[in-house]
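One file, coords.txt, carrying compact mmCIF, C-alpha atoms:
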```txt
# COMPACT_ATOMS: atom_id res chain seq x y z
CA MET A 180 -40.30 1.82 50.87
CA ALA A 181 -36.79 3.17 51.02
CA GLY A 182 -36.26 1.25 54.22
CA ALA A 183 -37.57 -1.93 52.63
CA LEU A 184 -35.18 -1.58 49.73
CA SER A 185 -32.13 -1.14 51.92
CA LEU A 186 -33.27 -4.02 54.12
CA ALA A 187 -33.62 -6.29 51.11
CA TRP A 188 -30.11 -5.49 49.94
CA ALA A 189 -28.70 -5.86 53.46
CA VAL A 190 -30.21 -9.34 53.67
CA THR A 191 -28.74 -10.38 50.33
CA ALA A 192 -25.33 -9.03 51.30
CA LEU A 193 -25.33 -11.14 54.45
CA ARG A 194 -26.55 -14.28 52.67
CA PRO A 195 -24.38 -14.69 49.57
CA ALA A 196 -25.52 -18.31 49.16
CA LEU A 197 -29.11 -17.18 48.66
CA LEU A 198 -28.07 -14.63 46.08
CA ARG A 199 -25.81 -17.05 44.26
CA GLN A 200 -28.74 -19.44 43.88
CA ALA A 201 -30.93 -16.65 42.61
CA PHE A 202 -28.46 -15.53 39.99
CA ARG A 203 -27.68 -19.01 38.77
CA SER A 204 -31.26 -19.37 37.65
CA LEU A 205 -31.06 -16.17 35.61
CA SER A 206 -29.70 -16.36 32.07
CA VAL A 207 -27.32 -13.78 30.71
CA THR A 208 -30.00 -12.10 28.63
CA ALA A 209 -32.51 -11.67 31.44
CA GLY A 210 -35.39 -9.38 30.64
CA ARG A 211 -36.26 -6.34 32.61
CA ASN A 212 -37.13 -7.66 36.05
CA GLN A 213 -40.03 -5.64 37.34
CA GLU A 214 -39.70 -7.22 40.76
CA THR A 215 -36.50 -5.42 41.75
CA GLY A 216 -36.84 -2.70 44.26
CA ALA A 217 -35.15 -0.14 42.08
CA ALA A 218 -37.71 -0.62 39.34
CA VAL A 219 -40.51 -0.18 41.87
CA ALA A 220 -38.82 2.94 43.12
CA ALA A 221 -38.49 4.22 39.58
CA THR A 222 -42.18 3.90 38.87
CA ASN A 223 -42.91 5.95 41.95
CA ILE A 224 -40.67 8.90 41.07
CA ASP A 225 -43.37 11.48 41.25
CA SER A 226 -45.17 10.01 44.22
CA ARG A 227 -42.18 9.93 46.56
CA LYS A 228 -42.29 12.52 49.25
CA SER A 229 -39.13 11.65 51.18
CA PRO A 230 -35.62 11.27 49.72
CA LEU A 231 -34.28 7.82 48.91
CA ILE A 232 -31.70 7.12 51.61
CA LEU A 233 -29.85 3.85 51.08
CA ASP A 234 -27.41 4.03 53.98
CA GLU A 235 -26.06 0.53 54.41
CA LYS A 236 -23.76 -0.15 57.28
CA PHE A 237 -21.75 -2.96 55.58
CA THR A 238 -21.17 -4.64 58.92
CA ASP A 239 -19.61 -7.71 57.33
CA SER A 240 -16.76 -5.71 55.86
CA ASN A 241 -13.50 -5.46 57.85
CA SER A 242 -12.31 -2.57 55.73
CA ILE A 243 -10.93 0.37 57.70
CA VAL A 244 -12.26 2.65 54.99
CA VAL A 245 -15.66 4.13 55.76
CA PRO A 246 -18.47 3.55 53.29
CA ARG A 247 -18.43 6.01 50.39
CA GLU A 248 -21.37 8.36 50.12
CA ALA A 249 -22.86 9.50 46.84
CA TRP A 250 -25.92 11.42 45.68
CA ILE A 251 -28.66 9.56 43.91
CA GLU A 252 -29.66 11.70 40.95
CA THR A 253 -32.51 11.55 38.49
CA LEU A 254 -32.56 11.89 34.70
CA ASP A 255 -35.91 13.64 34.85
CA THR A 256 -35.44 17.40 34.65
CA ASN A 257 -39.11 17.97 35.51
CA ALA A 258 -38.44 16.73 39.05
CA ALA A 259 -38.16 19.21 41.90
CA SER A 260 -34.41 18.73 42.28
CA THR A 261 -31.61 16.83 40.55
CA GLN A 262 -30.73 14.95 43.75
CA VAL A 263 -33.24 12.41 44.84
CA GLY A 264 -31.43 10.63 47.65
CA LEU A 265 -28.24 9.34 49.17
CA ILE A 266 -26.48 6.01 48.81
CA HIS A 267 -23.65 4.31 50.66
CA LEU A 268 -21.14 2.51 48.46
CA HIS A 269 -19.15 -0.47 49.66
CA PRO A 270 -15.59 0.58 50.60
CA GLU A 271 -13.94 -2.56 49.24
CA VAL A 272 -15.42 -1.91 45.79
CA PHE A 273 -15.60 1.86 45.51
CA GLY A 274 -13.03 2.84 48.14
CA ALA A 275 -10.24 0.47 47.19
CA ASN A 276 -6.66 1.52 46.60
CA PRO A 277 -6.52 2.74 42.98
CA ARG A 278 -3.61 0.66 41.68
CA LEU A 279 -2.52 2.39 38.49
CA ASP A 280 -0.26 -0.47 37.48
CA LEU A 281 -3.19 -2.89 37.66
CA ILE A 282 -5.37 -0.55 35.61
CA HIS A 283 -2.61 -0.33 33.00
CA ASP A 284 -2.18 -4.10 32.93
CA ASN A 285 -5.90 -4.58 32.48
CA VAL A 286 -6.15 -2.10 29.63
CA THR A 287 -3.14 -3.68 27.89
CA TRP A 288 -4.65 -7.13 28.32
CA GLN A 289 -7.98 -6.04 26.90
CA ARG A 290 -6.23 -4.57 23.88
CA LYS A 291 -3.96 -7.52 23.17
CA PHE A 292 -5.64 -10.78 24.15
CA ARG A 293 -8.29 -10.57 21.45
CA MET A 294 -5.90 -9.56 18.66
CA VAL A 295 -5.29 -11.90 15.75
CA ASN A 296 -2.65 -10.92 13.20
CA TYR A 297 -3.68 -12.07 9.72
CA ALA A 298 -0.47 -10.91 8.00
CA HIS A 299 1.15 -13.71 6.01
CA THR A 300 4.22 -14.01 3.80
CA LYS A 301 5.28 -16.95 1.68
CA VAL A 302 8.35 -18.98 2.50
CA ARG A 303 10.69 -20.03 -0.30
CA SER A 304 8.95 -23.40 -0.60
CA GLU A 305 5.54 -21.74 -0.98
CA VAL A 306 6.45 -19.21 -3.66
CA ARG A 307 5.48 -20.47 -7.08
CA GLY A 308 8.41 -21.82 -9.08
CA GLY A 309 11.98 -22.23 -8.00
CA GLY A 310 12.35 -26.01 -8.13
CA LYS A 311 15.12 -26.12 -10.71
CA LYS A 312 18.71 -25.06 -10.34
CA PRO A 313 18.95 -21.88 -12.51
CA TRP A 314 22.45 -22.56 -13.89
CA PRO A 315 25.19 -25.11 -13.28
CA GLN A 316 27.24 -24.84 -10.13
CA LYS A 317 30.59 -24.28 -11.81
CA GLY A 318 31.98 -22.93 -15.04
CA LEU A 319 29.85 -19.83 -15.74
CA GLY A 320 31.61 -17.40 -13.47
CA ARG A 321 28.26 -16.45 -11.88
CA ALA A 322 27.30 -16.80 -8.24
CA ARG A 323 26.09 -20.23 -7.27
CA HIS A 324 22.32 -20.61 -6.72
CA GLY A 325 19.96 -23.47 -6.18
CA SER A 326 16.58 -21.86 -6.70
CA ILE A 327 15.18 -18.65 -8.11
CA ARG A 328 12.91 -18.26 -5.05
CA SER A 329 15.56 -18.24 -2.37
CA PRO A 330 15.35 -15.23 0.00
CA LEU A 331 18.39 -13.70 -1.70
CA TRP A 332 16.48 -13.28 -4.95
CA ARG A 333 14.04 -10.59 -5.92
CA GLY A 334 10.59 -12.19 -5.82
CA GLY A 335 11.86 -14.91 -3.54
CA GLY A 336 10.38 -16.09 -0.28
CA VAL A 337 10.62 -14.23 3.02
CA THR A 338 12.77 -15.99 5.61
CA HIS A 339 11.37 -14.82 8.93
CA GLY A 340 8.24 -12.96 7.95
CA PRO A 341 4.82 -12.99 9.61
CA ARG A 342 2.97 -16.27 9.35
CA ALA A 343 -0.80 -16.09 9.28
CA TYR A 344 -3.07 -16.35 12.29
CA THR A 345 -0.68 -15.17 14.96
CA THR A 346 -2.58 -14.69 18.17
CA HIS A 347 -1.49 -12.67 21.16
CA PHE A 348 -3.81 -14.41 23.56
CA TYR A 349 -3.05 -14.55 27.25
CA MET A 350 -5.17 -14.35 30.38
CA LEU A 351 -4.40 -12.01 33.22
CA PRO A 352 -4.62 -13.70 36.59
CA PHE A 353 -8.16 -13.61 37.91
CA SER A 354 -7.32 -11.48 40.97
CA MET A 355 -5.52 -8.94 38.79
CA ARG A 356 -8.63 -8.47 36.69
CA LEU A 357 -10.79 -8.33 39.79
CA HIS A 358 -8.64 -5.71 41.48
CA GLY A 359 -8.38 -3.85 38.18
CA LEU A 360 -12.14 -3.41 38.30
CA THR A 361 -12.14 -2.22 41.91
CA SER A 362 -9.22 0.15 41.24
CA THR A 363 -10.95 1.71 38.25
CA LEU A 364 -14.27 2.08 40.05
CA SER A 365 -12.53 3.64 43.05
CA ALA A 366 -10.51 5.98 40.85
CA LYS A 367 -13.63 7.04 38.95
CA PHE A 368 -15.44 7.73 42.20
CA ALA A 369 -12.51 9.62 43.71
CA GLN A 370 -12.28 11.85 40.65
CA ASP A 371 -16.01 12.69 40.71
CA ASP A 372 -16.58 10.88 37.44
CA LEU A 373 -18.97 8.35 38.96
CA LYS A 374 -22.63 9.32 39.18
CA ILE A 375 -25.39 7.27 40.71
CA VAL A 376 -28.81 7.53 39.16
CA GLU A 377 -32.10 6.17 40.39
CA SER A 378 -33.03 4.59 37.05
CA LEU A 379 -32.56 5.28 33.35
CA ASP A 380 -36.12 6.52 32.83
CA MET A 381 -36.32 9.75 30.86
CA PRO A 382 -39.33 11.87 29.97
CA SER A 383 -38.15 12.56 26.39
CA ASP A 384 -36.60 10.39 23.67
CA GLU A 385 -34.73 13.17 21.90
CA ALA A 386 -30.96 13.21 21.62
CA GLY A 387 -31.01 16.93 22.33
CA TYR A 388 -32.60 16.36 25.72
CA LEU A 389 -29.87 13.96 26.74
CA GLU A 390 -27.12 16.22 25.42
CA GLN A 391 -28.53 19.21 27.26
CA LEU A 392 -28.83 17.21 30.46
CA CYS A 393 -25.21 16.05 30.28
CA GLU A 394 -24.04 19.58 29.50
CA ASP A 395 -26.03 21.16 32.35
CA ARG A 396 -24.63 18.71 34.88
CA ARG A 397 -21.10 18.88 33.41
CA TRP A 398 -21.08 15.14 32.82
CA GLY A 399 -18.12 15.17 30.47
CA ILE A 400 -17.90 14.73 26.75
CA SER A 401 -18.57 10.98 26.86
CA VAL A 402 -20.97 9.21 29.20
CA LEU A 403 -21.45 5.52 29.89
CA PHE A 404 -24.78 4.48 31.40
CA VAL A 405 -24.77 1.13 33.17
CA ASP A 406 -27.90 -0.67 34.27
CA ASP A 407 -28.60 -4.05 35.78
CA SER A 408 -30.48 -5.52 32.83
CA ASP A 409 -29.52 -5.53 29.17
CA ILE A 410 -32.87 -4.26 27.94
CA MET A 411 -32.88 -0.52 28.51
CA PRO A 412 -35.86 1.85 28.65
CA ARG A 413 -37.13 3.05 25.30
CA ASN A 414 -36.46 6.77 25.71
CA ILE A 415 -32.81 6.61 26.63
CA THR A 416 -32.15 3.99 23.95
CA LEU A 417 -33.57 6.26 21.25
CA ALA A 418 -31.82 9.35 22.60
CA SER A 419 -28.37 7.75 22.76
CA ASP A 420 -28.74 5.87 19.47
CA THR A 421 -27.46 8.71 17.32
CA LEU A 422 -24.92 9.95 19.88
CA GLY A 423 -21.72 7.97 19.58
CA HIS A 424 -20.22 9.35 22.77
CA VAL A 425 -23.17 8.28 24.93
CA ASN A 426 -23.39 4.53 25.36
CA LEU A 427 -25.48 2.05 27.32
CA MET A 428 -24.17 -1.16 28.86
CA PRO A 429 -25.43 -3.89 31.12
CA VAL A 430 -23.48 -4.74 34.27
CA TYR A 431 -21.90 -7.84 32.74
CA GLY A 432 -20.50 -5.73 29.91
CA LEU A 433 -18.66 -3.34 32.22
CA ASN A 434 -14.88 -3.31 31.75
CA VAL A 435 -11.82 -1.23 32.59
CA PHE A 436 -11.23 -0.03 29.01
CA SER A 437 -14.76 1.33 28.58
CA MET A 438 -14.68 2.98 31.99
CA LEU A 439 -11.53 4.85 31.00
CA LYS A 440 -12.70 5.63 27.47
CA HIS A 441 -15.86 7.33 28.69
CA GLU A 442 -15.27 10.33 30.91
CA THR A 443 -18.33 9.94 33.10
CA LEU A 444 -19.72 6.67 34.38
CA VAL A 445 -23.37 6.71 35.39
CA LEU A 446 -24.62 3.71 37.36
CA THR A 447 -28.15 2.96 38.42
CA VAL A 448 -28.79 1.92 42.01
CA ALA A 449 -29.56 -1.61 40.87
CA ALA A 450 -26.33 -1.74 38.89
CA VAL A 451 -24.34 -0.53 41.91
CA ARG A 452 -25.74 -3.24 44.13
CA ARG A 453 -25.22 -5.92 41.50
CA ILE A 454 -21.61 -4.89 40.94
CA GLU A 455 -20.97 -4.84 44.69
CA GLU A 456 -22.49 -8.26 45.14
CA ARG A 457 -20.53 -9.81 42.29
CA ILE A 458 -17.18 -8.32 43.21
CA LEU A 459 -17.54 -9.10 46.90
CA TYR A 460 -18.49 -12.67 46.05
CA HIS A 461 -15.30 -13.11 44.08
CA LEU A 462 -13.18 -11.30 46.67
CA ARG A 463 -14.35 -13.71 49.38
CA ARG A 464 -14.62 -17.02 47.58
CA PRO A 465 -12.31 -19.67 49.04
CA ASP A 466 -11.56 -21.47 45.78
CA LEU A 467 -9.98 -18.51 44.02
CA PRO A 468 -6.46 -19.96 43.68
CA LYS A 469 -7.98 -22.95 41.84
CA GLU A 470 -9.80 -20.61 39.50
CA ASN A 471 -6.50 -18.95 38.81
CA LEU A 472 -4.71 -22.10 37.79
CA LYS A 473 -7.49 -23.51 35.65
CA LYS A 474 -6.53 -23.80 31.99
CA PHE A 475 -9.13 -22.89 29.44
CA THR A 476 -9.50 -25.39 26.69
CA ILE A 477 -12.13 -25.64 24.10
CA MET D 178 36.35 75.47 -30.96
CA LYS D 179 33.35 73.19 -31.14
CA GLN D 180 34.08 72.34 -34.69
CA GLY D 181 37.59 71.44 -33.74
CA SER D 182 36.51 69.08 -30.96
CA GLY D 183 33.92 67.46 -33.21
CA VAL D 184 36.56 66.86 -35.85
CA MET D 185 38.90 65.40 -33.26
CA ALA D 186 36.21 63.06 -31.93
CA ALA D 187 35.35 61.93 -35.43
CA ALA D 188 39.01 61.27 -36.18
CA VAL D 189 39.41 59.18 -33.02
CA LYS D 190 36.25 57.24 -33.80
CA SER D 191 37.37 56.44 -37.32
CA LEU D 192 40.72 55.29 -35.97
CA LEU D 193 39.02 52.93 -33.54
CA GLY D 194 36.72 51.72 -36.27
CA ALA D 195 39.71 50.90 -38.41
CA LEU D 196 41.37 48.96 -35.62
CA SER D 197 38.44 46.59 -34.91
CA ARG D 198 35.32 45.79 -36.91
CA VAL D 199 33.44 44.66 -33.72
CA ALA D 200 30.93 47.18 -32.38
CA THR D 201 32.69 49.30 -29.85
CA PRO D 202 31.33 48.98 -26.31
CA SER D 203 29.74 52.03 -24.84
CA TYR D 204 32.54 52.12 -22.31
CA GLY D 205 34.98 52.64 -25.10
CA ALA D 206 32.81 55.38 -26.54
CA ALA D 207 32.63 57.01 -23.13
CA VAL D 208 36.41 56.80 -22.81
CA THR D 209 36.94 58.32 -26.19
CA ALA D 210 34.32 60.90 -25.50
CA ALA D 211 35.96 61.70 -22.20
CA ALA D 212 39.35 61.88 -23.86
CA ALA D 213 37.95 64.15 -26.50
CA ALA D 214 36.24 66.26 -23.90
CA ARG D 215 39.44 66.55 -21.86
CA MET D 216 41.20 67.89 -24.91
CA SER D 217 38.57 70.58 -25.34
CA GLN D 218 37.47 73.26 -22.86
CA GLY D 219 33.91 73.31 -21.29
CA TRP D 220 33.63 69.57 -20.75
CA ALA D 221 30.16 68.11 -20.33
CA PRO D 222 30.08 64.52 -19.04
CA LEU D 223 28.43 62.06 -21.34
CA VAL D 224 25.83 60.00 -19.48
CA THR D 225 25.31 56.60 -21.01
CA SER D 226 22.96 54.07 -19.38
CA VAL D 227 24.67 50.72 -19.32
CA ARG D 228 21.84 48.61 -17.91
CA HIS D 229 18.12 48.97 -18.55
CA ARG D 230 16.76 47.51 -15.28
CA TYR D 231 17.61 47.07 -11.59
CA HIS D 232 18.80 43.80 -10.06
CA TRP D 233 15.48 43.19 -8.30
CA GLN D 234 13.65 43.49 -11.59
CA LYS D 235 15.93 40.88 -13.08
CA MET D 236 15.35 38.57 -10.14
CA GLU D 237 11.61 39.12 -10.44
CA LYS D 238 11.67 37.84 -13.99
CA GLY D 239 13.10 34.58 -12.79
CA PRO D 240 15.82 32.31 -14.08
CA LEU D 241 16.60 32.14 -17.71
CA LEU D 242 14.26 29.73 -19.46
CA ARG D 243 16.18 27.08 -21.28
CA ASN D 244 14.91 24.14 -23.32
CA TYR D 245 11.53 25.63 -23.99
CA GLY D 246 8.73 23.06 -24.12
CA GLU D 247 10.62 20.46 -22.11
CA LYS D 248 8.91 19.07 -18.96
CA GLU D 249 11.02 19.21 -15.85
CA PRO D 250 10.86 15.93 -13.97
CA LEU D 251 11.85 17.31 -10.55
CA HIS D 252 9.58 19.54 -8.48
CA ASN D 253 11.55 22.43 -7.15
CA LYS D 254 8.74 24.77 -6.16
CA GLY D 255 5.91 24.77 -3.64
CA LEU D 256 4.99 22.51 -0.76
CA LEU D 257 3.36 19.62 -2.62
CA PRO D 258 4.20 18.11 -5.95
CA HIS D 259 1.97 19.08 -8.81
CA MET D 260 -0.82 16.65 -9.70
CA GLU D 261 -0.19 15.69 -13.26
CA HIS D 262 -2.18 13.06 -15.11
CA HIS D 263 -4.19 12.51 -11.88
CA LYS D 264 -1.38 10.67 -10.18
CA ARG D 265 -1.68 10.12 -6.46
CA LEU D 266 0.21 12.35 -4.07
CA PRO D 267 2.97 10.55 -2.18
CA ILE D 268 1.50 11.59 1.20
CA PRO D 269 -2.02 10.19 1.57
CA LEU D 270 -5.01 12.31 2.58
CA PHE D 271 -5.59 12.45 6.30
CA ARG D 272 -8.74 10.54 7.16
CA PRO D 273 -9.30 10.71 10.91
CA LYS D 274 -10.80 7.64 12.50
CA ASN D 275 -14.22 7.92 14.08
CA ASN D 276 -13.33 7.12 17.67
CA TRP D 277 -16.99 6.85 18.61
CA ALA D 278 -18.00 4.34 15.97
CA GLU D 279 -19.83 1.43 17.57
CA LYS D 280 -16.93 -1.02 17.50
CA ARG D 281 -14.55 1.50 19.05
CA ALA D 282 -17.03 3.00 21.53
CA LEU D 283 -17.92 -0.42 22.91
CA PHE D 284 -14.46 -1.97 22.66
CA GLY D 285 -13.76 -4.33 25.51
CA GLN D 286 -17.38 -4.95 26.37
CA ASN D 287 -18.01 -8.32 28.01
CA ASP D 288 -14.33 -8.92 28.79
CA TYR D 289 -15.18 -9.28 32.47
CA ILE D 290 -18.30 -11.37 31.93
CA ASP D 291 -16.87 -14.19 34.01
CA ILE D 292 -16.55 -11.79 36.98
CA LEU D 293 -19.60 -9.55 36.58
CA GLY D 294 -21.90 -11.99 34.84
CA PRO D 295 -23.59 -15.12 36.19
CA GLY D 296 -20.31 -17.03 35.99
CA ASN D 297 -21.08 -19.56 33.26
CA LEU D 298 -19.30 -17.63 30.50
CA HIS D 299 -15.68 -16.82 29.82
CA PRO D 300 -14.35 -14.06 27.51
CA THR D 301 -12.72 -16.66 25.24
CA LYS D 302 -16.11 -18.20 24.58
CA THR D 303 -17.56 -14.87 23.39
CA ALA D 304 -15.07 -14.39 20.53
CA TYR D 305 -17.45 -15.16 17.67
CA SER D 306 -15.54 -13.38 14.90
CA VAL D 307 -12.30 -15.25 15.55
CA PRO D 308 -11.79 -18.66 13.83
CA ALA D 309 -12.68 -21.56 16.10
CA TRP D 310 -9.20 -22.97 16.49
CA LEU D 311 -7.78 -19.58 17.51
CA ARG D 312 -10.10 -18.84 20.43
CA GLY D 313 -8.18 -18.74 23.66
CA PHE D 314 -4.99 -20.24 22.27
CA LYS D 315 -1.47 -19.05 21.56
CA GLY D 316 1.39 -21.02 20.11
CA ASN D 317 4.06 -21.03 17.45
CA GLU D 318 3.23 -21.74 13.80
CA TYR D 319 3.56 -25.52 14.11
CA GLN D 320 1.29 -25.67 17.18
CA MET D 321 -1.30 -23.50 15.44
CA LEU D 322 -1.32 -25.71 12.35
CA LEU D 323 -1.69 -28.85 14.47
CA ARG D 324 -4.59 -27.30 16.32
CA LYS D 325 -6.24 -26.18 13.10
CA LYS D 326 -5.99 -29.69 11.68
CA LYS D 327 -7.39 -31.17 14.88
CA ILE D 328 -10.37 -28.85 15.08
CA GLN D 329 -11.23 -28.38 11.43
CA HIS D 330 -11.01 -32.00 10.24
```

Structure re-expressed in structure tokens:
Amino acid sequence: MAGALSLAWAVTALRPALLRQAFRSLSVTAGRNQETGAAVAATNIDSRKSPLILDEKFTDSNSIVVPREAWIETLDTNAASTQVGLIHLHPEVFGANPRLDLIHDNVTWQRKFRMVNYAHTKVRSEVRGGGKKPWPQKGLGRARHGSIRSPLWRGGGVTHGPRAYTTHFYMLPFSMRLHGLTSTLSAKFAQDDLKIVESLDMPSDEAGYLEQLCEDRRWGISVLFVDDSDIMPRNITLASDTLGHVNLMPVYGLNVFSMLKHETLVLTVAAVRRIEERILYHLRRPDLPKENLKKFTI
Amino acid sequence: MKQGSGVMAAAVKSLLGALSRVATPSYGAAVTAAAAARMSQGWAPLVTSVRHRYHWQKMEKGPLLRNYGEKEPLHNKGLLPHMEHHKRLPIPLFRPKNNWAEKRALFGQNDYIDILGPGNLHPTKTAYSVPAWLRGFKGNEYQMLLRKKKIQH
């Protein structure tokens, strides 16, 4: 069964066209797909006798970096041991050069591009009143004025103040965002903050169980669980509901900011393979420069 | 002898009294007493206490209270101004932000949906809370107003 799983993933890695077709048919909010190998593996936790070895060779990669190796762990403390198997991670995704400048640019982009400034000040024409000349130009000995709402006056308009709905939108180049993801994943892995888990199935739905588990394994103050689908198992959903520092995310929600905000990143095997497939697809697509130059209009 | 000195002292005192009607300071009395004593044999120094407290006791009492009943507008004591008539303090209370509230814990989610998702969505299209004419656009005030007019009407 372990062999079948790795074979299936090897096939899909070599035939990106097949996989692309498959994913196009899926909507964003796909339900929990019971057909995936990882789910089948999960249901057979107790019945497995041999460890789950997912040692892919990644023969299509010309990276000089060897595949990264990681333990496959389990969230079930009743199991014989915490480690359940071994997985090979693609070097171009998890063994890339951790470009700190790209990570910084990505985080800055995520912070700024969504921001809308709603601050607004009135200009002298918008302030109520101030149409009449307050006093004649000459003869009074007073300073000459044309309106009581000029910026010189108290209560007058603001000359160069904020004007409502100022956006700070910009898009980082596609390759910068792509390599930001690979850099962050590689950095997380290199710093031992990346954990691979068989599946998110837990025996208990109590927050205390999850907290104790994270504490025992020294999984950091904050943990981000990432799975392939966006409908998570019942137990982990209930356990992490009250804990603000433990969060669940689907693969399409993964981003550089969240990966840095949470100390530990826990990926399921299915999530790892999905991330690898997606990132490798974009790294190898021939029309990437066109994607870069495309302007987004509504 | 004693009678003589007493008479002398009394004479000196009356002389001084004649000179000035103001109460003689104790210093003057001491001087006269000393003078009188010097004249007589068997001089015993006259000890007069000039002050009734030490300097630290005076300082402990505090400054002299003037204008009793008047409210002082400036605060010259303590770290924070006194709360009078339930006015707000100039420095606001520190209310730390909950960094693990849902919006902050999941900030940035779905920003890479065009890379990691199926590919039919873009992060600009997922900005539901932003007004329609502001999604994925940046310009100066004039350009924004033109766009708003175009999209809203």

From A:Lys312, A:His358, A:Arg463, A:His441, residue lying nearest Asp239 in chain A [all atoms listed in the file]: A:Arg463

Mind checking which residues fall within 12 Å of range 417-422 of chain A, counting only C-alpha atoms, ignoring those fewer than 3 positions away in the same chain, and posting them as a PDB file with C-alpha atoms, in the frame of the given file?
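Just written: part08.pdb:
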```
ATOM      1  CA  LEU A 379     -32.560   5.280  33.350  1.00  0.00           C
ATOM      2  CA  ASP A 380     -36.120   6.520  32.830  1.00  0.00           C
ATOM      3  CA  MET A 381     -36.320   9.750  30.860  1.00  0.00           C
ATOM      4  CA  PRO A 382     -39.330  11.870  29.970  1.00  0.00           C
ATOM      5  CA  SER A 383     -38.150  12.560  26.390  1.00  0.00           C
ATOM      6  CA  ASP A 384     -36.600  10.390  23.670  1.00  0.00           C
ATOM      7  CA  GLU A 385     -34.730  13.170  21.900  1.00  0.00           C
ATOM      8  CA  ALA A 386     -30.960  13.210  21.620  1.00  0.00           C
ATOM      9  CA  GLY A 387     -31.010  16.930  22.330  1.00  0.00           C
ATOM     10  CA  TYR A 388     -32.600  16.360  25.720  1.00  0.00           C
ATOM     11  CA  LEU A 389     -29.870  13.960  26.740  1.00  0.00           C
ATOM     12  CA  GLU A 390     -27.120  16.220  25.420  1.00  0.00           C
ATOM     13  CA  GLN A 391     -28.530  19.210  27.260  1.00  0.00           C
ATOM     14  CA  LEU A 392     -28.830  17.210  30.460  1.00  0.00           C
ATOM     15  CA  CYS A 393     -25.210  16.050  30.280  1.00  0.00           C
ATOM     16  CA  ILE A 400     -17.900  14.730  26.750  1.00  0.00           C
ATOM     17  CA  SER A 401     -18.570  10.980  26.860  1.00  0.00           C
ATOM     18  CA  VAL A 402     -20.970   9.210  29.200  1.00  0.00           C
ATOM     19  CA  LEU A 403     -21.450   5.520  29.890  1.00  0.00           C
ATOM     20  CA  PHE A 404     -24.780   4.480  31.400  1.00  0.00           C
ATOM     21  CA  MET A 411     -32.880  -0.520  28.510  1.00  0.00           C
ATOM     22  CA  PRO A 412     -35.860   1.850  28.650  1.00  0.00           C
ATOM     23  CA  ARG A 413     -37.130   3.050  25.300  1.00  0.00           C
ATOM     24  CA  ASN A 414     -36.460   6.770  25.710  1.00  0.00           C
ATOM     25  CA  VAL A 425     -23.170   8.280  24.930  1.00  0.00           C
ATOM     26  CA  ASN A 426     -23.390   4.530  25.360  1.00  0.00           C
ATOM     27  CA  LEU A 427     -25.480   2.050  27.320  1.00  0.00           C
ATOM     28  CA  MET A 428     -24.170  -1.160  28.860  1.00  0.00           C
TER      29      MET A 428
ATOM     30  CA  TRP D 277     -16.990   6.850  18.610  1.00  0.00           C
ATOM     31  CA  ALA D 278     -18.000   4.340  15.970  1.00  0.00           C
ATOM     32  CA  GLU D 279     -19.830   1.430  17.570  1.00  0.00           C
ATOM     33  CA  ALA D 282     -17.030   3.000  21.530  1.00  0.00           C
TER      34      ALA D 282
END
```

Set out as CSV a contact list for chain A and chain D with a cut-off of 6 Å, giving each residue of chain A that qualifies its closest atom pair and distance in Å to one decimal, counting all atoms listed in the file, ordered by chain and rising residue number.
```
residue,atom,partner,partner_atom,distance
A:Thr346,CA,D:Lys315,CA,5.6
A:Phe348,CA,D:Lys315,CA,5.6
A:Gly423,CA,D:Trp277,CA,5.0
A:His424,CA,D:Trp277,CA,5.8
A:Tyr431,CA,D:Gly294,CA,4.7
A:Gly432,CA,D:Asn287,CA,4.1
A:Arg457,CA,D:Leu293,CA,5.8
```

Selection above as a file: C-alpha atoms, as a PDB file, keeping the file's coordinate frame:
```pdb
ATOM      1  CA  THR A 346      -2.580 -14.690  18.170  1.00  0.00           C
ATOM      2  CA  PHE A 348      -3.810 -14.410  23.560  1.00  0.00           C
ATOM      3  CA  GLY A 423     -21.720   7.970  19.580  1.00  0.00           C
ATOM      4  CA  HIS A 424     -20.220   9.350  22.770  1.00  0.00           C
ATOM      5  CA  TYR A 431     -21.900  -7.840  32.740  1.00  0.00           C
ATOM      6  CA  GLY A 432     -20.500  -5.730  29.910  1.00  0.00           C
ATOM      7  CA  ARG A 457     -20.530  -9.810  42.290  1.00  0.00           C
TER       8      ARG A 457
END
```

In Å, rounded to a single decimal, give me how far CA of Gly399 in chain A is from CA of Leu444 in chain A.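 One can read the CA of Leu444 in chain A to CA of Gly399 in chain A distance as 9.5 Å.
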
Env of Leu279 in chain A: 9 Å cut, atoms = only C-alpha atoms, seq-sep filter 5 positions within chain, self excluded. Answer as a PyMOL selection string. chain A and resi 284+359+362-363

Point-to-point distance in Å for CA of Gly320 in chain A and CA of Val302 in chain A: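 Going from CA of Val302 in chain A over to CA of Gly320 in chain A, I get 28.3 Å.
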
Å distance separating CA of Thr300 in chain A from CA of Pro330 in chain A, one decimal place: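 Pair CA of Thr300 in chain A / CA of Pro330 in chain A returns 11.8 Å.
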
Excluding Gln262 in chain A and residues on its chain fewer than 6 positions from it, collect all residues at most 8 Å away from it, counting all atoms listed in the file, and give them as a list in words.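 With the cut-off at 8 Å, the set is Trp250, Ile251, Glu252 and Thr253 of chain A.
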
Please list as a PyMOL selection string every residue within 8 Å of range 445-454 of chain A, counting all atoms listed in the file and excluding residues in the same chain fewer than 5 positions away. (chain A and resi 188+215+217+251+268+373-379+402-407+430) or (chain D and resi 293)

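Considering all atoms listed in the file, the residue among A:Leu360, A:Ala343, A:Ile410, A:Val245 positioned nearest to Asn296 in chain A is A:Ala343.
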